Structures are given as structure tokens and as C-alpha cells.
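A.B. asks: Below are the C-alpha cells for one structure; questions will follow.
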Amino acid sequence: MSMIPTQMSLSALMTTSLDQYQTQLSSLEQTLTTGQNISQPSDSPTGVANLINVNASLSAYNQYQTNIKEGQTVASLANASMTQAVSIVQQISSVLVQAGGPGVTTANAQGLASQISGLEQSLLGVANTTYLGQAIFAGTSGGTTAYSQPGGVGTTVTYQGNSTAPQVAAAPGVALPTSLTDPFGAAASGGGIFAAINQAISDLNSGNISAAAGSDLGGVQGQLTNLENKAAQAGVNYDQFQVMSQQVTGAVTQATNEVGAIQNIDTAKLTTQYQQELNNYQVALYATSQLNQPTLAHYL
């Protein structure tokens with residue numbers, strides 16, 4: 001008679017084991033279906049905390065990446081514009097050199113002045129380069145025009161922007177300038193390159209050819225040097241974006257991999273584990289069914 005309670009206890013134990021196997025199989029099935037180690041906080045409190053931190057870093061670097069892309073576009077435009085500006089002023093310098101040649105008449109000088117006036121207008125157009133409707137050389141003023149010439153060709157050019165260089169956040173604690181403020185020097189003492197050009201135009205039109213080929217040429221060439229330095233700075237700004245873009249892209253890749261390492265499952269490993277658990281469950285199920293079969297001992 002002592003056999004019956006022993007068998008009942010064993011049956012209860014086997015039933016509990018079956019329940020445990022079913023729970024484990026259900027959990028593995030859910031994980032394999034979702035492809036994620038963590039579907040709810042209770043799955044892994046430590047993993048959830050790590051995932052939150054890594055996702056925060058990933059979100060931040062994604063934003064930096066967006067900032068860099070936008071800033072790089074402006075920096076590239078500023079770099080190209082400054083290169084074009086240097087080329088235009090070099091052409092103006094060449095025209096003034098012609099003024100010093102032999103046999104230049106007043107009529108010739110006025111023709112040279114007309115050439116320079118046309119080049120000045122091209123330079124003014126470059127100086128007023130815009131991106132998304134905002135002048136890139138006007139600082140943070142947000143204006144559509146960086147330089148104005150209300151008096152027309154050959155008259156004073158004034159700076160319409162401010163002295164604060166636009167920047168973008170490119171990494172923690174790193175802000176990169178996207179452009180330059182007043183690179184043509186209109187707000188500086190002497191009026192910068194436009195003032196030098198206008199002086200040359202005035203002297204050529206008035207027949208003061210010697211001044212145009214002498215002091216005016218020197219003034220334009222001096223401002224050309226300043227402009228070349230500004231163009232070099234624009235190039236440095238653009239290169240900084242190139243370097244930072246690579247670094248932030250690397251950080252995004254690393255953070256993405258970290259998220260995957262925490263969240264994504266090892267399919268092969270979990271499939272093997274699932275098969276092992278399924279085998280164990282089937283063995284336990286068979287054993288339980290045999291245990292519950294009536295034997296001669298029940299009737300003794």
C-alpha cells in the first residue's frame with residue numbers, strides 16, 4: 001500500500017517538470033520569433049539599462065551626423081565660393097596690370113574700368129552666395145544678403161551681416177564653423193577688396209592711369225592676399241567636416257553594433273537550445289505517461 005503515495009509524489013514532480021519545460025519552450029519560441037533578447041524589462045533589467053544608455057548614445061551621434069551633413073554642405077559651398085572669388089580678383093589684378101602697359105589711352109582705360117566693373121558685379125554675386133535662402137557670409141544674421149551696393153556699380157559696398165560665425169554641433173563639446181563672416185572685409189577699416197576695386201575703377205574712368213597701374217594695383221593685390229588667406233580658412237573648415245564626418249560615422253557604427261550585441265539573438269545557439277529543451281520535454285512527457293499507466297502494483 002505504500003507504493004501508491006510514492007507514485008503520486010513522483011507524478012506530481014513530473015508534472016511540475018513538464019510545466020517548467022513548457023514555460024522554457026514558450027520563452028525560447030517568443031525570443032526566436034521576435035529575434036530579440038529583450039522584449040520587456042523583466043527579461044533582463046541589466047540588459048535594459050545598458051540598452052537605454054547605448055540607444056541614447058546612438059541617438060545623439062545620429063543627430064551629430066545630421067548636423068555634420070548639413071554643415072558640410074554649407075562649408076563646401078563657402079569653400080567653392082571663396083575659391084571662385086580669388087579667381088575673380090586675380091582677373092581684376094591682371095586687368096590693372098594691362099593699365100600699366102605702353103600706349104594705354106583714356107579710352108582704353110575706360111574700357112578696362114568697364115571690364116573691372118563687370119568682374120566686381122560677379123564678385124558681389126559670389127559674396128552674396130546663399131544656402132536655403134540665407135547668405136552664407138553674413139554670420140548668424142539670417143539675412144538674404146551679406147553685401148549691398150545701393151549706389152550701383154563702382155560705389156561703396158557695405159556689409160549687412162554680423163560678426164558671429166555660424167557653427168554646428170559635430171560631437172560632444174565640438175562645434176565646427178560652417179562659413180566665414182565678412183571675408184571680403186567690407187566692414188573692416190579701409191573697406192576691403194571692394195573699396196580697392198572701386199578706387200581702381202574711379203581712377204581708370206577719370207584717366208588717372210598711373211594710379212590705377214600703381215597704387216590701385218598694389219591695393220588690389222594686398223586685398224587679394226587677404227582673400228587668399230580667407231579662402232584657405234574656408235578650406236580648413238571644410239576639411240574639418242570631412243574628418244569629423246568619418247569619426248562620427250565610426251561612432252554610429254560602433255553604437256549600432258553595441259545595440260545589436262545586447263538586443264539581437266544568436267539564432268544558431270538559441271535554435272540548438274530550443275531543440276534540446278524540446279527533446280527533454282518529450283522525454284519527460286513520455287515518462288509521465290508511463291508513470292500514470294496502471295500496473296499490477298496498483299492492485300496489490
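How things are named: the first chain in the C-alpha cells is A, the next is B, and so on; residues count from 1 in each chain; ligands count from 1 in the order shown.
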So which bits of stretch 86-209 of chain A end up alpha helix (DSSP H) when you DSSP the backbone, as a ChimeraX atom specification?

C.D. replies: /A:86-99,106-127,192-206,209

A.B. asks: If we count only C-alpha atoms, what is near stretch 85-94 of chain A at a cut-off of 7 Å, once residues fewer than 3 positions away on the same chain are taken out, given as a list in words?

C.D. replies: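 Counting only C-alpha atoms, the residues come to Ser81, Met82, Val97, Gln98, Ile116, Leu119, Leu123, Val126, Leu217, Val220, Gln221, Leu224, Leu227 and Glu228 of chain A.
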
A.B. asks: Point out the residue among A:Gly185, A:Gly207, A:Gly173, A:Gly152 with the least atom-to-atom distance to A:Thr106, counting only C-alpha atoms.

C.D. replies: A:Gly207

A.B. asks: For stretch 231-234 of chain A, find every residue with an atom within 8 Å (counting only C-alpha atoms), except residues of its own chain fewer than 6 positions away, and show them as a list in words.

C.D. replies: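 Here the answer would be Ala75, Ala78, Asn79, Met82, Thr83, Val86, Ser179 and Leu180 of chain A.
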
A.B. asks: Could you check the closest approach to A:Gln149 for each of A:Gln254, A:Ser57, A:Thr181, A:Gln121 and tell me which residue wins, using only C-alpha atoms?

C.D. replies: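 Distance minimum relative to A:Gln149 lands on A:Gln121.
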
A.B. asks: Using DSSP on the backbone, list every residue of stretch 84-274 of chain A that comes out as strand (DSSP E or B), and give them as number ranges by chain.

C.D. replies: A: 130-131, 134-135, 138, 147-148, 158-159, 167-171, 174-177, 181, 264

A.B. asks: Just to be explicit: take each residue in the selection above, keep all heavy atoms, and write the result as a tab-separated table (two decimals), in the first residue's frame.

C.D. replies:
```
chain	number	residue	atom	x	y	z
A	130	THR	N	23.98	82.23	-51.30
A	130	THR	CA	23.01	81.83	-50.26
A	130	THR	C	22.85	80.31	-50.22
A	130	THR	O	23.13	79.61	-51.19
A	130	THR	CB	21.63	82.45	-50.53
A	130	THR	OG1	21.13	81.99	-51.78
A	130	THR	CG2	21.70	83.96	-50.52
A	131	TYR	N	22.38	79.85	-49.07
A	131	TYR	CA	22.00	78.45	-48.90
A	131	TYR	C	20.68	78.43	-48.16
A	131	TYR	O	20.56	79.01	-47.07
A	131	TYR	CB	23.06	77.68	-48.11
A	131	TYR	CG	22.67	76.24	-47.84
A	131	TYR	CD1	22.63	75.30	-48.87
A	131	TYR	CD2	22.31	75.82	-46.55
A	131	TYR	CE1	22.25	73.99	-48.63
A	131	TYR	CE2	21.94	74.51	-46.31
A	131	TYR	CZ	21.91	73.60	-47.35
A	131	TYR	OH	21.53	72.30	-47.11
A	134	GLN	N	19.53	81.91	-47.12
A	134	GLN	CA	20.32	82.73	-46.21
A	134	GLN	C	21.73	82.93	-46.75
A	134	GLN	O	22.35	81.99	-47.25
A	134	GLN	CB	20.38	82.09	-44.82
A	134	GLN	CG	19.03	82.01	-44.13
A	134	GLN	CD	19.14	81.51	-42.70
A	134	GLN	OE1	20.23	81.24	-42.20
A	134	GLN	NE2	18.01	81.39	-42.03
A	135	ALA	N	22.21	84.17	-46.65
A	135	ALA	CA	23.56	84.49	-47.12
A	135	ALA	C	24.59	83.80	-46.24
A	135	ALA	O	24.60	83.99	-45.02
A	135	ALA	CB	23.77	86.00	-47.10
A	138	ALA	N	27.10	86.06	-44.10
A	138	ALA	CA	26.51	87.12	-43.28
A	138	ALA	C	26.49	86.75	-41.79
A	138	ALA	O	25.73	87.33	-41.02
A	138	ALA	CB	25.10	87.43	-43.75
A	147	TYR	N	26.15	91.47	-48.62
A	147	TYR	CA	26.76	92.72	-49.08
A	147	TYR	C	25.78	93.46	-49.99
A	147	TYR	O	25.13	92.85	-50.83
A	147	TYR	CB	28.06	92.45	-49.85
A	147	TYR	CG	29.13	91.79	-49.01
A	147	TYR	CD1	29.20	90.40	-48.92
A	147	TYR	CD2	30.06	92.55	-48.30
A	147	TYR	CE1	30.17	89.78	-48.14
A	147	TYR	CE2	31.03	91.94	-47.53
A	147	TYR	CZ	31.08	90.56	-47.45
A	147	TYR	OH	32.05	89.95	-46.66
A	148	SER	N	25.70	94.76	-49.81
A	148	SER	CA	24.83	95.57	-50.67
A	148	SER	C	25.62	96.71	-51.28
A	148	SER	O	26.61	97.18	-50.71
A	148	SER	CB	23.64	96.13	-49.86
A	148	SER	OG	24.09	97.05	-48.89
A	158	THR	N	28.62	97.73	-48.70
A	158	THR	CA	28.52	97.64	-47.23
A	158	THR	C	28.15	96.22	-46.80
A	158	THR	O	27.45	95.50	-47.52
A	158	THR	CB	27.46	98.61	-46.69
A	158	THR	OG1	26.19	98.31	-47.28
A	158	THR	CG2	27.84	100.05	-47.01
A	159	TYR	N	28.63	95.85	-45.61
A	159	TYR	CA	28.36	94.52	-45.06
A	159	TYR	C	27.07	94.54	-44.27
A	159	TYR	O	26.86	95.42	-43.43
A	159	TYR	CB	29.52	94.09	-44.16
A	159	TYR	CG	29.37	92.71	-43.55
A	159	TYR	CD1	29.21	91.59	-44.35
A	159	TYR	CD2	29.41	92.54	-42.16
A	159	TYR	CE1	29.08	90.33	-43.80
A	159	TYR	CE2	29.29	91.27	-41.60
A	159	TYR	CZ	29.13	90.17	-42.42
A	159	TYR	OH	29.00	88.92	-41.85
A	167	GLN	N	27.90	78.02	-36.61
A	167	GLN	CA	28.53	76.76	-36.22
A	167	GLN	C	27.47	75.66	-36.10
A	167	GLN	O	26.28	75.94	-35.98
A	167	GLN	CB	29.24	76.90	-34.87
A	167	GLN	CG	30.37	77.91	-34.84
A	167	GLN	CD	31.00	78.02	-33.46
A	167	GLN	OE1	30.31	77.85	-32.45
A	167	GLN	NE2	32.29	78.31	-33.41
A	168	VAL	N	27.94	74.42	-36.12
A	168	VAL	CA	27.06	73.29	-35.84
A	168	VAL	C	27.76	72.38	-34.82
A	168	VAL	O	28.99	72.28	-34.79
A	168	VAL	CB	26.73	72.46	-37.11
A	168	VAL	CG1	25.97	73.30	-38.12
A	168	VAL	CG2	27.98	71.87	-37.74
A	169	ALA	N	26.95	71.76	-33.98
A	169	ALA	CA	27.48	70.79	-33.01
A	169	ALA	C	27.82	69.51	-33.77
A	169	ALA	O	26.94	68.87	-34.34
A	169	ALA	CB	26.45	70.52	-31.92
A	170	ALA	N	29.10	69.12	-33.77
A	170	ALA	CA	29.55	67.98	-34.55
A	170	ALA	C	29.90	66.77	-33.69
A	170	ALA	O	30.04	65.66	-34.20
A	170	ALA	CB	30.75	68.36	-35.40
A	171	ALA	N	30.06	66.97	-32.39
A	171	ALA	CA	30.40	65.90	-31.45
A	171	ALA	C	30.30	66.50	-30.05
A	171	ALA	O	30.16	67.72	-29.91
A	171	ALA	CB	31.81	65.37	-31.72
A	174	VAL	N	32.22	69.71	-29.31
A	174	VAL	CA	32.88	70.14	-30.55
A	174	VAL	C	31.88	70.88	-31.44
A	174	VAL	O	30.85	70.32	-31.83
A	174	VAL	CB	33.46	68.95	-31.33
A	174	VAL	CG1	34.08	69.43	-32.64
A	174	VAL	CG2	34.49	68.20	-30.50
A	175	ALA	N	32.17	72.14	-31.74
A	175	ALA	CA	31.35	72.93	-32.66
A	175	ALA	C	32.23	73.39	-33.82
A	175	ALA	O	33.30	73.95	-33.60
A	175	ALA	CB	30.74	74.13	-31.95
A	176	LEU	N	31.80	73.12	-35.04
A	176	LEU	CA	32.59	73.48	-36.22
A	176	LEU	C	31.96	74.65	-36.96
A	176	LEU	O	30.76	74.66	-37.18
A	176	LEU	CB	32.70	72.28	-37.16
A	176	LEU	CG	33.39	71.02	-36.63
A	176	LEU	CD1	33.43	69.95	-37.72
A	176	LEU	CD2	34.80	71.33	-36.17
A	177	PRO	N	32.78	75.64	-37.36
A	177	PRO	CA	32.25	76.76	-38.15
A	177	PRO	C	31.92	76.30	-39.56
A	177	PRO	O	32.70	75.56	-40.18
A	177	PRO	CB	33.40	77.77	-38.14
A	177	PRO	CG	34.63	76.94	-37.95
A	177	PRO	CD	34.22	75.78	-37.08
A	181	THR	N	32.69	85.07	-41.68
A	181	THR	CA	31.93	86.32	-41.59
A	181	THR	C	32.73	87.43	-42.25
A	181	THR	O	33.91	87.63	-41.95
A	181	THR	CB	31.63	86.69	-40.12
A	181	THR	OG1	32.86	86.84	-39.42
A	181	THR	CG2	30.81	85.60	-39.44
A	264	ASN	N	20.03	41.72	-30.16
A	264	ASN	CA	19.81	40.68	-31.16
A	264	ASN	C	20.24	39.30	-30.65
A	264	ASN	O	21.26	39.17	-29.96
A	264	ASN	CB	20.58	41.01	-32.44
A	264	ASN	CG	20.08	42.28	-33.09
A	264	ASN	OD1	18.95	42.71	-32.85
A	264	ASN	ND2	20.92	42.91	-33.89
```

A.B. asks: What lies within 6 Å of stretch 70-74 of chain A using only C-alpha atoms, ignoring chain neighbours under 3 positions off, as a ChimeraX atom specification?

C.D. replies: /A:67,77,178,241

A.B. asks: Could those selected residues go to a file with all heavy atoms, as an mmCIF file, in the first residue's frame?

C.D. replies:
```cif
data_model
loop_
_atom_site.group_PDB
_atom_site.id
_atom_site.type_symbol
_atom_site.label_atom_id
_atom_site.label_comp_id
_atom_site.auth_asym_id
_atom_site.auth_seq_id
_atom_site.Cartn_x
_atom_site.Cartn_y
_atom_site.Cartn_z
ATOM 1 N N ASN A 67 23.786 66.934 -38.272
ATOM 2 C CA ASN A 67 24.364 68.281 -38.189
ATOM 3 C C ASN A 67 25.564 68.419 -39.116
ATOM 4 O O ASN A 67 25.724 69.439 -39.815
ATOM 5 C CB ASN A 67 24.803 68.578 -36.750
ATOM 6 C CG ASN A 67 23.640 68.652 -35.780
ATOM 7 O OD1 ASN A 67 22.481 68.692 -36.187
ATOM 8 N ND2 ASN A 67 23.933 68.655 -34.495
ATOM 9 N N LEU A 77 30.128 74.792 -49.897
ATOM 10 C CA LEU A 77 29.691 75.931 -50.707
ATOM 11 C C LEU A 77 30.559 77.150 -50.429
ATOM 12 O O LEU A 77 30.950 77.881 -51.357
ATOM 13 C CB LEU A 77 28.223 76.241 -50.410
ATOM 14 C CG LEU A 77 27.548 77.334 -51.237
ATOM 15 C CD1 LEU A 77 27.611 77.001 -52.726
ATOM 16 C CD2 LEU A 77 26.090 77.502 -50.796
ATOM 17 N N THR A 178 30.791 76.727 -40.078
ATOM 18 C CA THR A 178 30.387 76.325 -41.423
ATOM 19 C C THR A 178 30.850 77.312 -42.484
ATOM 20 O O THR A 178 30.991 76.944 -43.654
ATOM 21 C CB THR A 178 28.861 76.191 -41.512
ATOM 22 O OG1 THR A 178 28.263 77.454 -41.220
ATOM 23 C CG2 THR A 178 28.351 75.151 -40.520
ATOM 24 N N PHE A 241 35.199 69.205 -41.385
ATOM 25 C CA PHE A 241 33.944 68.450 -41.523
ATOM 26 C C PHE A 241 34.209 67.066 -42.109
ATOM 27 O O PHE A 241 33.571 66.082 -41.710
ATOM 28 C CB PHE A 241 32.945 69.211 -42.399
ATOM 29 C CG PHE A 241 32.145 70.235 -41.650
ATOM 30 C CD1 PHE A 241 32.477 71.582 -41.704
ATOM 31 C CD2 PHE A 241 31.056 69.854 -40.873
ATOM 32 C CE1 PHE A 241 31.742 72.523 -40.996
ATOM 33 C CE2 PHE A 241 30.311 70.785 -40.168
ATOM 34 C CZ PHE A 241 30.656 72.128 -40.235
#
```

A.B. asks: To one decimal place in Å, what is the distance between atom CA of A:Leu51 and atom CA of A:Val259?

C.D. replies: 6.3 Å

A.B. asks: What's the separation between atom CA of A:Ser122 and atom CA of A:Thr105, in Å to one decimal place?

C.D. replies: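 Atom CA of A:Thr105 lies 25.9 Å from atom CA of A:Ser122.
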